[in-house]
$ cat input-v2.cif   # mmCIF, C-alpha atoms, pLDDT in the B column; chains and numbers go by the auth columns
data_start
#
loop_
_atom_site.group_PDB
_atom_site.id
_atom_site.type_symbol
_atom_site.label_atom_id
_atom_site.label_comp_id
_atom_site.label_asym_id
_atom_site.label_seq_id
_atom_site.Cartn_x
_atom_site.Cartn_y
_atom_site.Cartn_z
_atom_site.B_iso_or_equiv
_atom_site.auth_seq_id
_atom_site.auth_asym_id
ATOM 1 C CA MET A 1 28.939 -14.634 -69.879 90.00 445 B
ATOM 2 C CA LEU A 2 25.569 -13.563 -71.274 94.00 446 B
ATOM 3 C CA THR A 3 22.904 -12.083 -69.017 96.00 447 B
ATOM 4 C CA ALA A 4 19.287 -13.186 -69.200 97.00 448 B
ATOM 5 C CA VAL A 5 15.888 -12.280 -67.774 97.00 449 B
ATOM 6 C CA ILE A 6 12.789 -14.509 -67.641 97.00 450 B
ATOM 7 C CA VAL A 7 9.223 -13.172 -67.714 97.00 451 B
ATOM 8 C CA ASP A 8 6.475 -15.754 -67.160 96.00 452 B
ATOM 9 C CA ASP A 9 3.318 -15.591 -65.061 93.00 453 B
ATOM 10 C CA GLU A 10 3.738 -19.170 -63.811 93.00 454 B
ATOM 11 C CA ALA A 11 6.384 -19.792 -61.143 94.00 455 B
ATOM 12 C CA ARG A 12 6.878 -23.413 -62.217 95.00 456 B
ATOM 13 C CA ASN A 13 7.752 -22.311 -65.752 95.00 457 B
ATOM 14 C CA ILE A 14 10.311 -19.847 -64.397 96.00 458 B
ATOM 15 C CA ALA A 15 11.803 -22.569 -62.198 96.00 459 B
ATOM 16 C CA LEU A 16 11.987 -25.061 -65.066 96.00 460 B
ATOM 17 C CA LEU A 17 13.616 -22.638 -67.516 96.00 461 B
ATOM 18 C CA SER A 18 16.034 -21.472 -64.815 96.00 462 B
ATOM 19 C CA HIS A 19 17.016 -25.106 -64.228 96.00 463 B
ATOM 20 C CA PHE A 20 17.530 -25.749 -67.947 96.00 464 B
ATOM 21 C CA LEU A 21 19.692 -22.658 -68.330 96.00 465 B
ATOM 22 C CA GLU A 22 21.830 -23.516 -65.321 95.00 466 B
ATOM 23 C CA LYS A 23 22.328 -27.135 -66.364 95.00 467 B
ATOM 24 C CA TYR A 24 22.583 -26.913 -70.152 95.00 468 B
ATOM 25 C CA CYS A 25 23.585 -23.316 -70.894 95.00 469 B
ATOM 26 C CA PRO A 26 26.479 -22.430 -68.564 94.00 470 B
ATOM 27 C CA GLN A 27 27.274 -19.334 -70.632 95.00 471 B
ATOM 28 C CA ILE A 28 24.036 -17.761 -69.335 96.00 472 B
ATOM 29 C CA SER A 29 23.777 -15.781 -66.103 96.00 473 B
ATOM 30 C CA LEU A 30 20.158 -15.374 -65.026 97.00 474 B
ATOM 31 C CA VAL A 31 19.991 -11.899 -63.455 97.00 475 B
ATOM 32 C CA ALA A 32 16.242 -11.547 -62.828 97.00 476 B
ATOM 33 C CA SER A 33 12.846 -13.184 -63.295 96.00 477 B
ATOM 34 C CA PHE A 34 9.346 -11.746 -63.131 96.00 478 B
ATOM 35 C CA SER A 35 5.793 -13.049 -63.019 94.00 479 B
ATOM 36 C CA LYS A 36 4.152 -9.610 -63.188 93.00 480 B
ATOM 37 C CA LYS A 37 4.122 -7.466 -66.316 92.00 481 B
ATOM 38 C CA LYS A 38 4.448 -4.099 -64.575 92.00 482 B
ATOM 39 C CA ARG A 39 7.484 -5.185 -62.555 94.00 483 B
ATOM 40 C CA ALA A 40 9.126 -6.587 -65.679 95.00 484 B
ATOM 41 C CA ILE A 41 8.567 -3.350 -67.608 94.00 485 B
ATOM 42 C CA SER A 42 9.964 -1.270 -64.748 95.00 486 B
ATOM 43 C CA TYR A 43 13.107 -3.428 -64.602 96.00 487 B
ATOM 44 C CA LEU A 44 13.669 -3.615 -68.363 95.00 488 B
ATOM 45 C CA ARG A 45 13.376 0.124 -68.808 93.00 489 B
ATOM 46 C CA ASN A 46 16.493 0.511 -66.667 93.00 490 B
ATOM 47 C CA ASN A 47 18.369 -2.739 -67.370 94.00 491 B
ATOM 48 C CA LYS A 48 19.343 -4.328 -70.684 93.00 492 B
ATOM 49 C CA PRO A 49 20.036 -8.074 -70.483 95.00 493 B
ATOM 50 C CA ASP A 50 21.533 -9.844 -73.475 95.00 494 B
ATOM 51 C CA ILE A 51 18.533 -12.195 -73.690 97.00 495 B
ATOM 52 C CA LEU A 52 14.899 -11.833 -72.652 97.00 496 B
ATOM 53 C CA PHE A 53 12.921 -15.082 -72.374 97.00 497 B
ATOM 54 C CA LEU A 54 9.373 -13.796 -72.672 96.00 498 B
ATOM 55 C CA ASP A 55 6.089 -15.616 -72.199 95.00 499 B
ATOM 56 C CA ILE A 56 3.225 -14.379 -74.385 93.00 500 B
ATOM 57 C CA ILE A 57 0.166 -14.942 -72.161 90.00 501 B
ATOM 58 C CA LEU A 58 0.773 -13.057 -68.910 89.00 502 B
ATOM 59 C CA ASP A 59 -1.228 -12.131 -65.804 79.00 503 B
ATOM 60 C CA SER A 60 -2.717 -9.159 -67.620 82.00 504 B
ATOM 61 C CA GLY A 61 -2.162 -8.484 -71.285 86.00 505 B
ATOM 62 C CA SER A 62 0.699 -10.151 -73.120 91.00 506 B
ATOM 63 C CA GLY A 63 4.441 -10.230 -73.635 93.00 507 B
ATOM 64 C CA PHE A 64 3.946 -7.967 -76.638 92.00 508 B
ATOM 65 C CA ASP A 65 2.730 -5.275 -74.226 92.00 509 B
ATOM 66 C CA ILE A 66 6.136 -5.409 -72.560 94.00 510 B
ATOM 67 C CA LEU A 67 7.924 -4.962 -75.879 92.00 511 B
ATOM 68 C CA ASP A 68 5.671 -2.008 -76.649 90.00 512 B
ATOM 69 C CA ASN A 69 6.787 -0.316 -73.435 91.00 513 B
ATOM 70 C CA ILE A 70 10.557 -0.851 -73.486 91.00 514 B
ATOM 71 C CA ASP A 71 13.511 -0.254 -75.787 87.00 515 B
ATOM 72 C CA TYR A 72 14.599 -3.765 -76.757 87.00 516 B
ATOM 73 C CA GLU A 73 16.859 -2.848 -79.681 80.00 517 B
ATOM 74 C CA ASN A 74 19.911 -4.485 -78.092 83.00 518 B
ATOM 75 C CA ILE A 75 18.044 -7.308 -76.361 92.00 519 B
ATOM 76 C CA ARG A 76 17.649 -10.702 -78.035 94.00 520 B
ATOM 77 C CA VAL A 77 14.008 -11.571 -77.368 94.00 521 B
ATOM 78 C CA VAL A 78 13.098 -15.264 -77.235 95.00 522 B
ATOM 79 C CA MET A 79 9.347 -15.828 -77.082 94.00 523 B
ATOM 80 C CA CYS A 80 8.312 -18.905 -75.074 93.00 524 B
ATOM 81 C CA SER A 81 4.707 -19.998 -75.480 89.00 525 B
ATOM 82 C CA ALA A 82 2.402 -22.987 -75.654 88.00 526 B
ATOM 83 C CA HIS A 83 0.500 -21.177 -78.403 83.00 527 B
ATOM 84 C CA ASP A 84 1.866 -21.263 -81.954 80.00 528 B
ATOM 85 C CA GLU A 85 -0.782 -18.870 -83.312 83.00 529 B
ATOM 86 C CA PHE A 86 1.279 -15.872 -82.168 84.00 530 B
ATOM 87 C CA ALA A 87 4.289 -16.770 -84.323 82.00 531 B
ATOM 88 C CA LEU A 88 3.382 -14.379 -87.144 80.00 532 B
ATOM 89 C CA LYS A 89 2.934 -11.499 -84.715 84.00 533 B
ATOM 90 C CA ALA A 90 6.284 -12.369 -83.138 85.00 534 B
ATOM 91 C CA ILE A 91 7.916 -12.055 -86.569 81.00 535 B
ATOM 92 C CA ARG A 92 6.489 -8.548 -86.891 80.00 536 B
ATOM 93 C CA TYR A 93 8.158 -7.672 -83.596 85.00 537 B
ATOM 94 C CA GLN A 94 11.375 -9.147 -85.045 82.00 538 B
ATOM 95 C CA VAL A 95 12.084 -11.374 -82.068 90.00 539 B
ATOM 96 C CA THR A 96 15.171 -13.568 -82.215 89.00 540 B
ATOM 97 C CA ASP A 97 13.404 -16.895 -81.732 91.00 541 B
ATOM 98 C CA TYR A 98 10.064 -18.497 -80.857 91.00 542 B
ATOM 99 C CA LEU A 99 10.150 -21.592 -78.639 92.00 543 B
ATOM 100 C CA LEU A 100 7.078 -23.708 -78.038 90.00 544 B
ATOM 101 C CA LYS A 101 6.237 -25.081 -74.606 91.00 545 B
ATOM 102 C CA PRO A 102 6.932 -27.602 -73.286 91.00 546 B
ATOM 103 C CA LEU A 103 10.467 -26.507 -74.046 92.00 547 B
ATOM 104 C CA GLU A 104 12.768 -28.919 -75.817 92.00 548 B
ATOM 105 C CA ILE A 105 16.256 -28.809 -74.323 93.00 549 B
ATOM 106 C CA GLN A 106 17.987 -29.088 -77.697 93.00 550 B
ATOM 107 C CA ASP A 107 15.943 -26.195 -79.080 92.00 551 B
ATOM 108 C CA LEU A 108 16.916 -24.061 -76.091 95.00 552 B
ATOM 109 C CA ILE A 109 20.602 -24.949 -76.437 94.00 553 B
ATOM 110 C CA PHE A 110 20.536 -24.182 -80.175 92.00 554 B
ATOM 111 C CA THR A 111 18.904 -20.790 -79.601 93.00 555 B
ATOM 112 C CA VAL A 112 21.366 -19.777 -76.879 95.00 556 B
ATOM 113 C CA GLU A 113 24.374 -20.867 -78.950 93.00 557 B
ATOM 114 C CA LYS A 114 23.037 -18.959 -81.969 91.00 558 B
ATOM 115 C CA ILE A 115 22.660 -15.803 -79.893 92.00 559 B
ATOM 116 C CA GLU A 116 26.096 -16.246 -78.344 92.00 560 B
ATOM 117 C CA LYS A 117 27.718 -16.519 -81.783 88.00 561 B
ATOM 118 C CA ALA A 118 25.863 -13.451 -83.061 85.00 562 B
ATOM 119 C CA ILE A 119 26.893 -11.329 -80.074 84.00 563 B
ATOM 120 C CA THR A 120 30.502 -12.514 -80.267 83.00 564 B
ATOM 121 C CA LYS A 121 30.688 -11.765 -83.984 76.00 565 B
ATOM 122 C CA TYR A 122 29.236 -8.314 -83.444 67.00 566 B
ATOM 123 C CA LYS A 123 31.725 -7.451 -80.707 67.00 567 B
ATOM 124 C CA GLU A 124 34.684 -8.714 -82.740 60.00 568 B
ATOM 125 C CA LYS A 125 33.701 -6.906 -85.910 54.00 569 B
ATOM 126 C CA GLN A 126 32.836 -3.570 -84.236 47.00 570 B
ATOM 127 C CA VAL A 127 31.510 -2.265 -87.519 46.00 571 B
ATOM 128 C CA PHE A 128 30.156 0.882 -86.021 45.00 572 B
ATOM 129 C CA ASP A 129 33.178 2.254 -84.142 47.00 573 B
ATOM 130 C CA SER A 130 34.314 5.819 -84.730 42.00 574 B
ATOM 131 C CA SER A 131 37.225 4.870 -86.947 49.00 575 B
ATOM 132 C CA HIS A 132 34.786 3.230 -89.366 49.00 576 B
ATOM 133 C CA PHE A 133 32.678 6.375 -89.587 45.00 577 B
ATOM 134 C CA ASN A 134 35.698 8.635 -90.059 48.00 578 B
ATOM 135 C CA ALA A 135 37.200 6.414 -92.734 50.00 579 B
ATOM 136 C CA ILE A 136 34.396 7.011 -95.209 47.00 580 B
ATOM 137 C CA ASN A 137 35.490 10.547 -96.036 46.00 581 B
ATOM 138 C CA SER A 138 38.992 9.431 -96.992 47.00 582 B
ATOM 139 C CA ALA A 139 37.570 6.550 -99.027 46.00 583 B
ATOM 140 C CA LEU A 140 35.194 8.589 -101.205 44.00 584 B
ATOM 141 C CA PRO A 141 37.844 9.661 -103.747 43.00 585 B
ATOM 142 C CA THR A 142 38.451 5.987 -104.601 44.00 586 B
ATOM 143 C CA ILE A 143 34.785 5.112 -105.059 45.00 587 B
ATOM 144 C CA ASN A 144 35.131 4.732 -108.842 52.00 588 B
ATOM 145 C CA HIS A 145 37.674 1.910 -108.789 73.00 589 B
ATOM 146 C CA ARG A 146 36.630 -1.422 -110.281 76.00 590 B
ATOM 147 C CA ILE A 147 36.380 -4.944 -108.949 80.00 591 B
ATOM 148 C CA ALA A 148 36.316 -8.203 -110.890 79.00 592 B
ATOM 149 C CA ILE A 149 33.139 -10.262 -110.580 79.00 593 B
ATOM 150 C CA SER A 150 33.667 -13.760 -111.885 73.00 594 B
ATOM 151 C CA GLU A 151 30.855 -15.768 -113.475 67.00 595 B
ATOM 152 C CA ARG A 152 30.917 -19.204 -115.052 62.00 596 B
ATOM 153 C CA SER A 153 31.439 -17.884 -118.579 66.00 597 B
ATOM 154 C CA SER A 154 32.935 -14.432 -118.025 73.00 598 B
ATOM 155 C CA VAL A 155 34.610 -11.959 -115.693 79.00 599 B
ATOM 156 C CA ASP A 156 32.896 -8.578 -115.317 79.00 600 B
ATOM 157 C CA PHE A 157 34.979 -5.562 -114.307 82.00 601 B
ATOM 158 C CA VAL A 158 32.449 -3.408 -112.499 83.00 602 B
ATOM 159 C CA SER A 159 32.882 0.067 -111.048 85.00 603 B
ATOM 160 C CA ILE A 160 32.134 0.251 -107.341 85.00 604 B
ATOM 161 C CA ASP A 161 29.610 3.041 -107.868 83.00 605 B
ATOM 162 C CA GLU A 162 27.640 0.820 -110.287 88.00 606 B
ATOM 163 C CA ILE A 163 26.912 -1.692 -107.515 91.00 607 B
ATOM 164 C CA LEU A 164 23.785 -0.767 -105.575 93.00 608 B
ATOM 165 C CA CYS A 165 23.658 -3.835 -103.337 93.00 609 B
ATOM 166 C CA VAL A 166 24.634 -7.486 -103.052 93.00 610 B
ATOM 167 C CA GLU A 167 22.183 -10.072 -101.707 93.00 611 B
ATOM 168 C CA THR A 168 22.049 -13.789 -101.095 90.00 612 B
ATOM 169 C CA HIS A 169 20.468 -15.347 -104.177 86.00 613 B
ATOM 170 C CA LYS A 170 17.202 -16.949 -103.056 82.00 614 B
ATOM 171 C CA GLY A 171 17.413 -20.652 -102.368 75.00 615 B
ATOM 172 C CA THR A 172 21.144 -20.920 -103.066 80.00 616 B
ATOM 173 C CA HIS A 173 24.558 -20.161 -101.594 81.00 617 B
ATOM 174 C CA LYS A 174 25.254 -17.773 -104.469 86.00 618 B
ATOM 175 C CA SER A 175 25.167 -13.986 -104.430 89.00 619 B
ATOM 176 C CA GLU A 176 23.172 -11.576 -106.574 91.00 620 B
ATOM 177 C CA VAL A 177 24.777 -8.248 -107.493 91.00 621 B
ATOM 178 C CA VAL A 178 22.239 -5.509 -108.244 91.00 622 B
ATOM 179 C CA LEU A 179 23.615 -2.885 -110.641 89.00 623 B
ATOM 180 C CA LYS A 180 22.736 0.704 -111.428 82.00 624 B
ATOM 181 C CA HIS A 181 23.682 0.267 -115.066 65.00 625 B
ATOM 182 C CA HIS A 182 26.121 -2.095 -116.719 48.00 626 B
ATOM 183 C CA GLU A 183 25.622 -2.741 -120.429 47.00 627 B
ATOM 184 C CA ARG A 184 21.856 -2.871 -119.802 51.00 628 B
ATOM 185 C CA ARG A 185 22.244 -5.604 -117.214 59.00 629 B
ATOM 186 C CA GLU A 186 20.628 -5.097 -113.824 78.00 630 B
ATOM 187 C CA HIS A 187 21.730 -8.247 -111.998 83.00 631 B
ATOM 188 C CA ILE A 188 24.757 -10.541 -111.960 86.00 632 B
ATOM 189 C CA ILE A 189 24.522 -13.951 -110.266 86.00 633 B
ATOM 190 C CA VAL A 190 27.863 -14.905 -108.714 86.00 634 B
ATOM 191 C CA SER A 191 28.785 -18.368 -107.451 83.00 635 B
ATOM 192 C CA LYS A 192 30.467 -16.951 -104.338 83.00 636 B
ATOM 193 C CA PRO A 193 28.493 -16.717 -101.060 86.00 637 B
ATOM 194 C CA LEU A 194 27.686 -13.319 -99.564 86.00 638 B
ATOM 195 C CA LEU A 195 30.462 -13.571 -96.975 84.00 639 B
ATOM 196 C CA GLU A 196 33.124 -13.829 -99.690 83.00 640 B
ATOM 197 C CA MET A 197 31.586 -10.964 -101.616 86.00 641 B
ATOM 198 C CA GLU A 198 31.638 -8.835 -98.481 85.00 642 B
ATOM 199 C CA LYS A 199 35.408 -9.313 -98.240 82.00 643 B
ATOM 200 C CA LYS A 200 35.856 -7.996 -101.804 83.00 644 B
ATOM 201 C CA LEU A 201 33.862 -4.804 -101.235 86.00 645 B
ATOM 202 C CA PRO A 202 35.238 -1.670 -99.498 84.00 646 B
ATOM 203 C CA GLU A 203 33.850 -1.904 -95.972 78.00 647 B
ATOM 204 C CA ASN A 204 33.612 1.855 -95.566 76.00 648 B
ATOM 205 C CA ILE A 205 31.354 2.177 -98.629 83.00 649 B
ATOM 206 C CA PHE A 206 29.277 -1.004 -98.400 86.00 650 B
ATOM 207 C CA PHE A 207 27.165 -1.563 -95.303 86.00 651 B
ATOM 208 C CA ARG A 208 25.887 -4.973 -94.083 87.00 652 B
ATOM 209 C CA VAL A 209 22.258 -4.153 -93.242 88.00 653 B
ATOM 210 C CA SER A 210 21.102 -7.735 -92.639 86.00 654 B
ATOM 211 C CA ARG A 211 22.172 -11.347 -92.787 85.00 655 B
ATOM 212 C CA THR A 212 21.342 -11.473 -96.501 88.00 656 B
ATOM 213 C CA SER A 213 22.030 -7.950 -97.807 91.00 657 B
ATOM 214 C CA ILE A 214 24.948 -5.552 -98.278 92.00 658 B
ATOM 215 C CA VAL A 215 24.140 -2.038 -99.496 93.00 659 B
ATOM 216 C CA ASN A 216 26.145 0.736 -101.131 91.00 660 B
ATOM 217 C CA ILE A 217 25.329 3.623 -98.768 88.00 661 B
ATOM 218 C CA ALA A 218 25.431 6.121 -101.626 87.00 662 B
ATOM 219 C CA ALA A 219 22.574 4.202 -103.270 89.00 663 B
ATOM 220 C CA ILE A 220 20.135 4.575 -100.361 89.00 664 B
ATOM 221 C CA ARG A 221 17.348 6.995 -101.318 89.00 665 B
ATOM 222 C CA ILE A 222 14.689 6.356 -98.620 89.00 666 B
ATOM 223 C CA ILE A 223 14.590 4.500 -95.290 88.00 667 B
ATOM 224 C CA HIS A 224 10.994 3.490 -94.544 86.00 668 B
ATOM 225 C CA ARG A 225 9.923 3.117 -90.896 81.00 669 B
ATOM 226 C CA ASN A 226 6.577 1.363 -91.068 75.00 670 B
ATOM 227 C CA VAL A 227 5.558 -2.050 -89.677 71.00 671 B
ATOM 228 C CA GLN A 228 8.687 -3.375 -91.364 80.00 672 B
ATOM 229 C CA TYR A 229 11.849 -1.399 -92.005 87.00 673 B
ATOM 230 C CA THR A 230 12.646 -1.094 -95.708 90.00 674 B
ATOM 231 C CA LEU A 231 15.278 0.615 -97.836 91.00 675 B
ATOM 232 C CA THR A 232 14.493 2.044 -101.262 90.00 676 B
ATOM 233 C CA LEU A 233 17.554 2.410 -103.478 90.00 677 B
ATOM 234 C CA THR A 234 18.081 4.967 -106.221 87.00 678 B
ATOM 235 C CA ASN A 235 16.742 2.569 -108.880 86.00 679 B
ATOM 236 C CA GLY A 236 13.579 1.807 -106.866 87.00 680 B
ATOM 237 C CA TYR A 237 14.856 -1.556 -105.634 87.00 681 B
ATOM 238 C CA ARG A 238 13.612 -2.375 -102.102 90.00 682 B
ATOM 239 C CA ILE A 239 15.326 -4.283 -99.291 91.00 683 B
ATOM 240 C CA GLN A 240 13.755 -5.264 -95.975 89.00 684 B
ATOM 241 C CA ILE A 241 16.031 -4.904 -92.939 89.00 685 B
ATOM 242 C CA PRO A 242 15.674 -6.038 -89.311 86.00 686 B
ATOM 243 C CA ARG A 243 15.010 -3.629 -86.462 81.00 687 B
ATOM 244 C CA THR A 244 18.625 -3.774 -85.263 78.00 688 B
ATOM 245 C CA GLY A 245 19.907 -3.212 -88.790 80.00 689 B
ATOM 246 C CA TYR A 246 17.742 -0.110 -89.025 81.00 690 B
ATOM 247 C CA LYS A 247 19.084 1.297 -85.760 79.00 691 B
ATOM 248 C CA PHE A 248 22.721 0.812 -86.712 80.00 692 B
ATOM 249 C CA LEU A 249 22.132 2.139 -90.216 82.00 693 B
ATOM 250 C CA ILE A 250 20.513 5.310 -88.856 79.00 694 B
ATOM 251 C CA SER A 251 23.507 5.845 -86.559 76.00 695 B
ATOM 252 C CA PHE A 252 25.851 5.329 -89.490 72.00 696 B
ATOM 253 C CA MET A 253 23.943 7.713 -91.754 73.00 697 B
ATOM 254 C CA GLU A 254 23.743 10.381 -89.049 71.00 698 B
ATOM 255 C CA LYS A 255 27.516 10.355 -88.689 68.00 699 B
ATOM 256 C CA THR A 256 28.060 10.208 -92.444 64.00 700 B
ATOM 257 C CA TYR A 257 25.664 13.013 -93.360 62.00 701 B
ATOM 258 C CA GLN A 258 26.120 14.941 -90.083 55.00 702 B
ATOM 259 C CA THR A 259 22.398 15.025 -89.255 48.00 703 B
ATOM 260 C CA ILE A 260 19.017 13.549 -90.092 48.00 704 B
ATOM 261 C CA ILE A 261 16.154 16.027 -89.755 47.00 705 B
#

$ encode --input "input-v2.cif" --output "structure tokens"
Amino acid sequence: MLTAVIVDDEARNIALLSHFLEKYCPQISLVASFSKKKRAISYLRNNKPDILFLDIILDSGSGFDILDNIDYENIRVVMCSAHDEFALKAIRYQVTDYLLKPLEIQDLIFTVEKIEKAITKYKEKQVFDSSHFNAINSALPTINHRIAISERSSVDFVSIDEILCVETHKGTHKSEVVLKHHERREHIIVSKPLLEMEKKLPENIFFRVSRTSIVNIAAIRIIHRNVQYTLTLTNGYRIQIPRTGYKFLISFMEKTYQTII
């Protein structure tokens, strides 16, 4: 059962969304609802629901003000608004979804199911448990072993330490392997999707930082914390990562390198 909170300055909107969740999303338990920004902030500073359904235009200020005043790293934020002009700003806040009012039931169901799958996958994988962090030290001596990367016309035998990252190739289901150096080649396009490539790579050396990118942790040179979170690799290659990916990566790096000053 997933917990949810609704913040909307109109009681009828809260009632309607509550009804939709109860009728069409039985996996959701609505634990609180608020029409006032200050009360919502006070609650969310001490309670972390799985999902926050957040209106943008509130009694005073906006839903973004609430996000500015709470830690929502582990909360899936779903913006609900009759105004589509805030969509770009919502992207900058890295919200999970943006639903336009009047709410479409199928859109709501799709969003909830997507969040449920993501949370379930995260709990099952438990990438960031202590055994994962401890395993890296024992794995480092084997970092130079090779893997076979199959292309249409050849098979490349690539050392693990040559691979800086693997990303989803834009517009396709293929993967793009970014190399440090490999016979003057910098990229290899592989027909396999990223999920299959992830299974081939040592999980205690390669870190899934986003839905579309896997990074060799030894290749990370800088983690940028500006409007968007970005990694710069040792060859200057840059990768954007989501807010949650940044948080988990920082935790991983702190345990790997003992401390981050």

$ closest_residue --input "input-v2.cif" --among "B:Glu642, B:Gly689, B:Val671, B:Val602" --to "Lys533 of chain B" --atoms "all atoms listed in the file"
B:Val671

$ residues_around --input "input-v2.cif" --residues "Glu640 of chain B" --least-positions-apart "3" --cutoff "12 Å" --atoms "only C-alpha atoms" --output "MDAnalysis selection string"
chainID B and resid 593 610:612 617:619 634:637 643:645 658

$ closest_residue --input "input-v2.cif" --among "B:Thr676, B:Thr688, B:Val449, B:Ala459" --to "Thr540 of chain B" --atoms "all atoms listed in the file"
B:Thr688

$ resolve_selection --input "input-v2.cif" --expression "the PyMOL selection byres ((chain B and resi 501) around 9)" --output "CSV table (one decimal) with C-alpha atoms, in the coordinates of the input"
chain,number,residue,atom,x,y,z
B,452,ASP,CA,6.5,-15.8,-67.2
B,453,ASP,CA,3.3,-15.6,-65.1
B,499,ASP,CA,6.1,-15.6,-72.2
B,500,ILE,CA,3.2,-14.4,-74.4
B,502,LEU,CA,0.8,-13.1,-68.9
B,503,ASP,CA,-1.2,-12.1,-65.8
B,504,SER,CA,-2.7,-9.2,-67.6
B,505,GLY,CA,-2.2,-8.5,-71.3
B,506,SER,CA,0.7,-10.2,-73.1
B,507,GLY,CA,4.4,-10.2,-73.6
B,525,SER,CA,4.7,-20.0,-75.5
B,527,HIS,CA,0.5,-21.2,-78.4

$ atom_distance --input "input-v2.cif" --atom1 "atom CA of Asn670 of chain B" --atom2 "atom CA of Asp515 of chain B"
16.9 Å

$ atom_distance --input "input-v2.cif" --atom1 "atom CA of Ile563 of chain B" --atom2 "atom CA of Ile458 of chain B"
24.4 Å

$ residues_near_point --input "input-v2.cif" --point "(8.6, 1.8, -100.3)" --cutoff "12 Å" --atoms "all atoms listed in the file" --output "list in words"
Ile664, Arg665, Ile666, Ile667, His668, Arg669, Asn670, Val671, Gln672, Tyr673, Thr674, Leu675, Thr676, Leu677, Thr678, Asn679, Gly680, Tyr681, Arg682, Ile683 and Gln684 of chain B

$ resolve_selection --input "input-v2.cif" --expression "the PyMOL selection byres ((chain B and resi 481-490) around 6)" --output "ChimeraX atom specification"
/B:478,480,491,510,514

$ closest_residue --input "input-v2.cif" --among "B:Glu560, B:Asp541, B:Glu647, B:Glu517" --to "Phe497 of chain B" --atoms "only C-alpha atoms"
B:Asp541

$ atom_distance --input "input-v2.cif" --atom1 "atom CA of Ile685 of chain B" --atom2 "atom CA of Ser657 of chain B"
8.3 Å

$ closest_residue --input "input-v2.cif" --among "B:Met697, B:Ala526, B:Thr656, B:Leu474" --to "Lys545 of chain B" --atoms "all atoms listed in the file"
B:Ala526

$ resolve_selection --input "input-v2.cif" --expression "the PyMOL selection byres ((chain B and resi 609) around 6)" --output "list in words"
Ile607, Leu608, Val610, Val622, Ile658, Val659 and Asn660 of chain B

$ residues_around --input "input-v2.cif" --residues "Ala592 of chain B" --least-positions-apart "6" --cutoff "7 Å" --atoms "only C-alpha atoms" --output "JSON, numbers by chain"
{"B": [599, 600, 601, 602]}

$ closest_residue --input "input-v2.cif" --among "B:His589, B:Lys624, B:Arg655, B:Lys561" --to "Leu446 of chain B" --atoms "all atoms listed in the file"
B:Lys561

$ residues_around --input "input-v2.cif" --residues "Ala534 of chain B" --least-positions-apart "5" --cutoff "8 Å" --atoms "only C-alpha atoms" --output "list in words"
Met523, Val539 and Tyr542 of chain B

$ axis_aligned_box --input "input-v2.cif" --around "segment 508-527 of chain B" --padding-each-side "8 Å" --output "lines of an AutoDock Vina configuration file"
center_x = 10.2
center_y = -11.6
center_z = -76.1
size_x = 35.4
size_y = 38.7
size_z = 23.1

$ decode --input "input-v2.cif" --residues "segment 604-615 of chain B" --atoms "N, CA and C atoms" --output "mmCIF file, in the first residue's frame"
data_model
loop_
_atom_site.group_PDB
_atom_site.id
_atom_site.type_symbol
_atom_site.label_atom_id
_atom_site.label_comp_id
_atom_site.auth_asym_id
_atom_site.auth_seq_id
_atom_site.Cartn_x
_atom_site.Cartn_y
_atom_site.Cartn_z
ATOM 1 N N ILE B 604 37.139 -3.589 -18.708
ATOM 2 C CA ILE B 604 36.147 -2.895 -17.894
ATOM 3 C C ILE B 604 36.567 -1.452 -17.629
ATOM 4 N N ASP B 605 37.857 -1.237 -17.359
ATOM 5 C CA ASP B 605 38.295 0.111 -17.013
ATOM 6 C C ASP B 605 38.335 1.048 -18.210
ATOM 7 N N GLU B 606 38.124 0.518 -19.444
ATOM 8 C CA GLU B 606 38.031 1.376 -20.618
ATOM 9 C C GLU B 606 36.630 1.963 -20.775
ATOM 10 N N ILE B 607 35.639 1.333 -20.135
ATOM 11 C CA ILE B 607 34.255 1.771 -20.287
ATOM 12 C C ILE B 607 33.956 2.868 -19.263
ATOM 13 N N LEU B 608 33.655 4.051 -19.756
ATOM 14 C CA LEU B 608 33.324 5.165 -18.866
ATOM 15 C C LEU B 608 31.844 5.147 -18.482
ATOM 16 N N CYS B 609 30.987 4.879 -19.450
ATOM 17 C CA CYS B 609 29.552 4.817 -19.169
ATOM 18 C C CYS B 609 28.851 4.099 -20.314
ATOM 19 N N VAL B 610 27.616 3.710 -20.059
ATOM 20 C CA VAL B 610 26.756 3.119 -21.083
ATOM 21 C C VAL B 610 25.417 3.846 -21.009
ATOM 22 N N GLU B 611 24.934 4.315 -22.170
ATOM 23 C CA GLU B 611 23.682 5.067 -22.204
ATOM 24 C C GLU B 611 22.742 4.499 -23.262
ATOM 25 N N THR B 612 21.462 4.794 -23.087
ATOM 26 C CA THR B 612 20.502 4.463 -24.134
ATOM 27 C C THR B 612 20.788 5.330 -25.348
ATOM 28 N N HIS B 613 20.939 4.686 -26.509
ATOM 29 C CA HIS B 613 21.208 5.435 -27.737
ATOM 30 C C HIS B 613 19.947 6.192 -28.141
ATOM 31 N N LYS B 614 20.079 7.496 -28.342
ATOM 32 C CA LYS B 614 18.926 8.368 -28.560
ATOM 33 C C LYS B 614 18.023 7.874 -29.681
ATOM 34 N N GLY B 615 16.736 7.783 -29.356
ATOM 35 C CA GLY B 615 15.742 7.436 -30.357
ATOM 36 C C GLY B 615 15.669 5.976 -30.722
#
